[in-house]
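> So I've got this file, work25.cif, and it contains mmCIF, C-alpha atoms:
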```
data_run
#
loop_
_atom_site.group_PDB
_atom_site.id
_atom_site.type_symbol
_atom_site.label_atom_id
_atom_site.label_comp_id
_atom_site.auth_asym_id
_atom_site.auth_seq_id
_atom_site.Cartn_x
_atom_site.Cartn_y
_atom_site.Cartn_z
ATOM 1 C CA MET J 1 144.049 -192.931 -13.150
ATOM 2 C CA SER J 2 146.993 -194.193 -11.125
ATOM 3 C CA ALA J 3 150.138 -195.355 -12.864
ATOM 4 C CA ARG J 4 150.834 -199.056 -12.879
ATOM 5 C CA ASP J 5 153.921 -200.183 -11.088
ATOM 6 C CA ARG J 6 156.493 -202.579 -12.459
ATOM 7 C CA PHE J 7 154.825 -205.694 -11.029
ATOM 8 C CA HIS J 8 151.353 -205.109 -12.452
ATOM 9 C CA GLU J 9 151.756 -207.480 -15.399
ATOM 10 C CA LEU J 10 153.566 -210.084 -13.298
ATOM 11 C CA VAL J 11 150.670 -210.298 -10.817
ATOM 12 C CA ARG J 12 148.171 -210.341 -13.652
ATOM 13 C CA THR J 13 150.069 -213.212 -15.326
ATOM 14 C CA ALA J 14 150.261 -215.132 -12.040
ATOM 15 C CA LEU J 15 146.506 -214.750 -11.532
ATOM 16 C CA GLU J 16 145.787 -215.848 -15.080
ATOM 17 C CA LYS J 17 148.017 -218.903 -14.609
ATOM 18 C CA GLU J 18 145.686 -219.909 -11.787
ATOM 19 C CA VAL J 19 142.762 -219.586 -14.216
ATOM 20 C CA TRP J 20 141.508 -216.271 -12.860
ATOM 21 C CA ILE J 21 139.752 -214.100 -15.385
ATOM 22 C CA ILE J 22 140.671 -210.454 -15.314
ATOM 23 C CA THR J 23 137.358 -208.681 -15.746
ATOM 24 C CA HIS J 24 138.527 -205.105 -15.171
ATOM 25 C CA ASP J 25 141.970 -203.663 -15.630
ATOM 26 C CA PRO J 26 141.565 -201.250 -13.958
ATOM 27 C CA TYR J 27 138.276 -201.428 -12.032
ATOM 28 C CA HIS J 28 136.752 -197.929 -11.937
ATOM 29 C CA ILE J 29 134.687 -196.532 -9.058
ATOM 30 C CA ASP J 30 133.152 -193.064 -9.385
ATOM 31 C CA LEU J 31 132.374 -191.609 -5.952
ATOM 32 C CA GLY J 32 131.101 -188.363 -7.402
ATOM 33 C CA PHE J 33 133.876 -186.244 -5.972
ATOM 34 C CA VAL J 34 136.787 -188.545 -6.805
ATOM 35 C CA ASP J 35 137.449 -191.529 -9.048
ATOM 36 C CA PHE J 36 139.182 -194.676 -7.826
ATOM 37 C CA TYR J 37 140.908 -197.061 -10.192
ATOM 38 C CA ILE J 38 141.598 -200.397 -8.544
ATOM 39 C CA ASP J 39 143.853 -202.707 -10.459
ATOM 40 C CA LEU J 40 146.727 -204.932 -9.470
ATOM 41 C CA ASP J 41 148.806 -202.131 -8.002
ATOM 42 C CA ALA J 42 148.848 -203.208 -4.357
ATOM 43 C CA GLU J 43 152.598 -203.691 -4.767
ATOM 44 C CA LEU J 44 153.302 -200.068 -3.894
ATOM 45 C CA LEU J 45 154.882 -201.724 -0.891
ATOM 46 C CA LEU J 46 157.615 -203.062 -3.182
ATOM 47 C CA ALA J 47 159.178 -199.787 -4.144
ATOM 48 C CA ALA J 48 161.022 -199.441 -0.873
ATOM 49 C CA THR J 49 164.561 -200.544 -0.177
ATOM 50 C CA LYS J 50 165.112 -199.039 3.261
ATOM 51 C CA ASP J 51 163.129 -199.972 6.377
ATOM 52 C CA GLU J 52 161.802 -196.418 6.801
ATOM 53 C CA GLU J 53 160.621 -196.391 3.201
ATOM 54 C CA LYS J 54 159.079 -199.857 3.561
ATOM 55 C CA ILE J 55 156.971 -198.827 6.533
ATOM 56 C CA SER J 56 155.959 -195.633 4.745
ATOM 57 C CA GLU J 57 154.946 -197.581 1.631
ATOM 58 C CA PHE J 58 153.168 -200.102 3.851
ATOM 59 C CA HIS J 59 151.119 -197.313 5.439
ATOM 60 C CA THR J 60 150.253 -195.968 1.990
ATOM 61 C CA ALA J 61 149.248 -199.408 0.695
ATOM 62 C CA ILE J 62 147.086 -200.127 3.769
ATOM 63 C CA GLY J 63 145.368 -196.734 3.549
ATOM 64 C CA GLN J 64 144.710 -197.228 -0.148
ATOM 65 C CA PHE J 65 143.404 -200.749 0.472
ATOM 66 C CA ILE J 66 140.991 -199.554 3.180
ATOM 67 C CA ASN J 67 139.704 -196.738 0.945
ATOM 68 C CA TYR J 68 139.165 -199.165 -1.932
ATOM 69 C CA ARG J 69 137.378 -201.653 0.307
ATOM 70 C CA ILE J 70 134.993 -198.982 1.614
ATOM 71 C CA ALA J 71 134.310 -197.752 -1.925
ATOM 72 C CA LEU J 72 133.566 -201.310 -3.064
ATOM 73 C CA GLU J 73 131.078 -201.845 -0.221
ATOM 74 C CA ASP J 74 128.624 -199.539 -1.998
ATOM 75 C CA ASP J 75 129.666 -199.979 -5.609
ATOM 76 C CA ASP J 76 130.211 -203.747 -5.826
ATOM 77 C CA PRO J 77 129.846 -205.518 -2.443
ATOM 78 C CA GLU J 78 130.324 -208.996 -3.942
ATOM 79 C CA ARG J 79 133.845 -208.212 -5.188
ATOM 80 C CA TRP J 80 136.828 -209.450 -3.107
ATOM 81 C CA LEU J 81 139.866 -207.225 -2.662
ATOM 82 C CA TYR J 82 143.356 -208.544 -1.850
ATOM 83 C CA LEU J 83 146.609 -206.778 -1.083
ATOM 84 C CA ALA J 84 149.224 -208.240 -3.444
ATOM 85 C CA VAL J 85 152.654 -208.754 -1.881
ATOM 86 C CA PRO J 86 155.753 -210.419 -3.374
ATOM 87 C CA LEU J 87 156.936 -213.545 -1.584
ATOM 88 C CA ASP J 88 160.359 -212.176 -0.613
ATOM 89 C CA VAL J 89 158.806 -209.056 0.945
ATOM 90 C CA TYR J 90 156.204 -211.191 2.700
ATOM 91 C CA LYS J 91 158.909 -213.418 4.201
ATOM 92 C CA ARG J 92 161.117 -210.520 5.331
ATOM 93 C CA PHE J 93 158.732 -207.702 6.210
ATOM 94 C CA PHE J 94 155.409 -209.306 7.086
ATOM 95 C CA ARG J 95 156.950 -211.405 9.855
ATOM 96 C CA TYR J 96 157.121 -208.402 12.193
ATOM 97 C CA PRO J 97 154.468 -208.451 14.937
ATOM 98 C CA PHE J 98 153.348 -204.879 14.211
ATOM 99 C CA ILE J 99 152.763 -205.658 10.531
ATOM 100 C CA GLN J 100 150.872 -208.841 11.415
ATOM 101 C CA THR J 101 148.714 -206.902 13.897
ATOM 102 C CA VAL J 102 147.813 -204.305 11.255
ATOM 103 C CA ILE J 103 146.875 -207.044 8.756
ATOM 104 C CA VAL J 104 144.801 -209.034 11.278
ATOM 105 C CA ARG J 105 142.982 -206.085 12.897
ATOM 106 C CA ASN J 106 142.062 -204.613 9.523
ATOM 107 C CA LYS J 107 141.132 -208.037 8.116
ATOM 108 C CA ILE J 108 143.266 -207.567 5.024
ATOM 109 C CA PRO J 109 143.494 -210.642 2.815
ATOM 110 C CA LEU J 110 146.824 -211.113 1.076
ATOM 111 C CA LEU J 111 147.782 -212.464 -2.318
ATOM 112 C CA VAL J 112 151.435 -213.506 -2.004
ATOM 113 C CA TYR J 113 153.157 -213.991 -5.343
ATOM 114 C CA ASP J 114 156.500 -215.378 -6.442
ATOM 115 C CA THR J 115 158.298 -212.904 -8.712
ATOM 116 C CA GLN J 116 160.678 -215.559 -10.059
ATOM 117 C CA LYS J 117 158.074 -218.179 -10.983
ATOM 118 C CA GLN J 118 155.416 -215.577 -11.811
ATOM 119 C CA GLU J 119 152.927 -217.590 -9.789
ATOM 120 C CA ILE J 120 150.697 -217.116 -6.790
ATOM 121 C CA ALA J 121 152.533 -218.531 -3.767
ATOM 122 C CA GLU J 122 149.724 -218.227 -1.251
ATOM 123 C CA TRP J 123 146.267 -216.792 -0.642
ATOM 124 C CA ILE J 124 145.887 -215.594 2.949
ATOM 125 C CA SER J 125 142.379 -214.631 4.052
#
```
Translate the structure described by the file into structure tokens.

Amino acid sequence: MSARDRFHELVRTALEKEVWIITHDPYHIDLGFVDFYIDLDAELLLAATKDEEKISEFHTAIGQFINYRIALEDDDPERWLYLAVPLDVYKRFFRYPFIQTVIVRNKIPLLVYDTQKQEIAEWIS
């Protein structure tokens, strides 16, 4: 099982404030040869402080998201998957055309959350 990052509980709290019910924490998918544990850890993108690290973490988060989405297609096709991103990172990093192109072409919905208010700032589908 993957380790939770430092924003896991914050995102969970923000979702619960919007009356979302957390049904799985984490959500387990057994593919036979590997286990996936999807929880609220899409913030891997947050760990970076330098631009090179940000893009590297972005690539990791996108790859992980795509793998999870494919796994869910068979295991639980009714479940929606969002990439959680803090508001300040969204405002600074997600404004770049390349990042926007990756998000749009891969049809990645975003859950943008405010770390200060511990609330969901925006749902972007």
> Would you pick out the contacts of Ala71 in chain J at 8 Å or less, using only C-alpha atoms, so that residues sharing its chain but fewer than 4 positions from it are not included, and give the list as a list in words?
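So, after excluding close chain neighbours, the residues are Ile29, Leu31, Asn67 and Asp75 of chain J.
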> Applying 12 Å and only C-alpha atoms, which residues near Ile22 in chain J remain after dropping the ones on its own chain fewer than 3 positions away? List them as a count of residues only.
15
> With 6 Å added on each side, what axis-aligned box encloses every listed atom of range 107-120 of chain J? Give the centre and edge lengths in Å to one decimal, as JSON.

```
{"center_x": 150.9, "center_y": -212.9, "center_z": -1.8, "size_x": 31.5, "size_y": 22.6, "size_z": 31.9}
```
> Please check which residues have atoms at most 12 Å from (159.7, -215.6, -10.2) in the file's coordinates, counting only C-alpha atoms, and write them as a compact mmCIF listing (two decimals) with C-alpha atoms, in the frame of the given file.

```
# COMPACT_ATOMS: atom_id res chain seq x y z
CA PHE J 7 154.82 -205.69 -11.03
CA LEU J 10 153.57 -210.08 -13.30
CA VAL J 11 150.67 -210.30 -10.82
CA THR J 13 150.07 -213.21 -15.33
CA ALA J 14 150.26 -215.13 -12.04
CA PRO J 86 155.75 -210.42 -3.37
CA LEU J 87 156.94 -213.54 -1.58
CA ASP J 88 160.36 -212.18 -0.61
CA VAL J 112 151.44 -213.51 -2.00
CA TYR J 113 153.16 -213.99 -5.34
CA ASP J 114 156.50 -215.38 -6.44
CA THR J 115 158.30 -212.90 -8.71
CA GLN J 116 160.68 -215.56 -10.06
CA LYS J 117 158.07 -218.18 -10.98
CA GLN J 118 155.42 -215.58 -11.81
CA GLU J 119 152.93 -217.59 -9.79
CA ILE J 120 150.70 -217.12 -6.79
CA ALA J 121 152.53 -218.53 -3.77
```
> So which one's closest to Phe65 in chain J, J:Gln100, J:Thr23, J:Asn106, J:Ser125? Using all atoms listed in the file, please.
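Residue with the minimum atom-to-atom distance to Phe65 in chain J: J:Asn106.
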> So how far away is CA of Phe94 in chain J from CA of His28 in chain J, in Å?
29.0 Å
> Give me the residues within 12 Å of Arg79 in chain J as a PDB file with C-alpha atoms, keeping the file's coordinate frame, counting all atoms listed in the file and dropping any in the same chain fewer than 2 places off.

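Okay, out_6.pdb is ready:
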```
ATOM      1  CA  THR J  23     137.358-208.681 -15.746  1.00  0.00           C
ATOM      2  CA  HIS J  24     138.527-205.105 -15.171  1.00  0.00           C
ATOM      3  CA  TYR J  27     138.276-201.428 -12.032  1.00  0.00           C
ATOM      4  CA  ILE J  38     141.598-200.397  -8.544  1.00  0.00           C
ATOM      5  CA  TYR J  68     139.165-199.165  -1.932  1.00  0.00           C
ATOM      6  CA  ARG J  69     137.378-201.653   0.307  1.00  0.00           C
ATOM      7  CA  ILE J  70     134.993-198.982   1.614  1.00  0.00           C
ATOM      8  CA  ALA J  71     134.310-197.752  -1.925  1.00  0.00           C
ATOM      9  CA  LEU J  72     133.566-201.310  -3.064  1.00  0.00           C
ATOM     10  CA  GLU J  73     131.078-201.845  -0.221  1.00  0.00           C
ATOM     11  CA  ASP J  74     128.624-199.539  -1.998  1.00  0.00           C
ATOM     12  CA  ASP J  75     129.666-199.979  -5.609  1.00  0.00           C
ATOM     13  CA  ASP J  76     130.211-203.747  -5.826  1.00  0.00           C
ATOM     14  CA  PRO J  77     129.846-205.518  -2.443  1.00  0.00           C
ATOM     15  CA  LEU J  81     139.866-207.225  -2.662  1.00  0.00           C
ATOM     16  CA  TYR J  82     143.356-208.544  -1.850  1.00  0.00           C
TER      17      TYR J  82
END
```
> Could you name the residues that touch Val102 in chain J at 12 Å or less, counting all atoms listed in the file, but leaving out those on the same chain fewer than 5 positions away, as a list in words?
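Neighbouring residues, sequence-local ones excluded: Ile55, Phe58, His59, Ala61, Ile62, Gly63, Ile66, Phe94, Arg95, Tyr96, Pro97, Lys107, Ile108 and Pro109 of chain J.
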> Those same residues, written as a PDB file, keeping the file's coordinate frame with C-alpha atoms?

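Written output follows (result.pdb):
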```
ATOM      1  CA  ILE J  55     156.971-198.827   6.533  1.00  0.00           C
ATOM      2  CA  PHE J  58     153.168-200.102   3.851  1.00  0.00           C
ATOM      3  CA  HIS J  59     151.119-197.313   5.439  1.00  0.00           C
ATOM      4  CA  ALA J  61     149.248-199.408   0.695  1.00  0.00           C
ATOM      5  CA  ILE J  62     147.086-200.127   3.769  1.00  0.00           C
ATOM      6  CA  GLY J  63     145.368-196.734   3.549  1.00  0.00           C
ATOM      7  CA  ILE J  66     140.991-199.554   3.180  1.00  0.00           C
ATOM      8  CA  PHE J  94     155.409-209.306   7.086  1.00  0.00           C
ATOM      9  CA  ARG J  95     156.950-211.405   9.855  1.00  0.00           C
ATOM     10  CA  TYR J  96     157.121-208.402  12.193  1.00  0.00           C
ATOM     11  CA  PRO J  97     154.468-208.451  14.937  1.00  0.00           C
ATOM     12  CA  LYS J 107     141.132-208.037   8.116  1.00  0.00           C
ATOM     13  CA  ILE J 108     143.266-207.567   5.024  1.00  0.00           C
ATOM     14  CA  PRO J 109     143.494-210.642   2.815  1.00  0.00           C
TER      15      PRO J 109
END
```
> Expressed in Å to a single decimal, how great is the separation between CA of Thr60 in chain J and CA of Leu83 in chain J?
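That distance, rounded to one decimal, is 11.8 Å.
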> Measure the distance from CA of Ile99 in chain J to CA of Glu57 in chain J in Å and round it to one decimal.
12.2 Å
> Pick from J:Gln64, J:Trp123, J:Ser56, J:Phe93: nearest to Tyr37 in chain J, with only C-alpha atoms counted?
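Closest candidate: J:Gln64.
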> Between J:Val34, J:Val104, J:Glu122, J:Phe98, which is the closest to Ala84 in chain J once you count only C-alpha atoms?
J:Glu122
> Measuring atom to atom with all atoms listed in the file, identify which of J:Arg105, J:Ile124, J:Arg6, J:Glu78 is nearest to Tyr90 in chain J.
J:Ile124
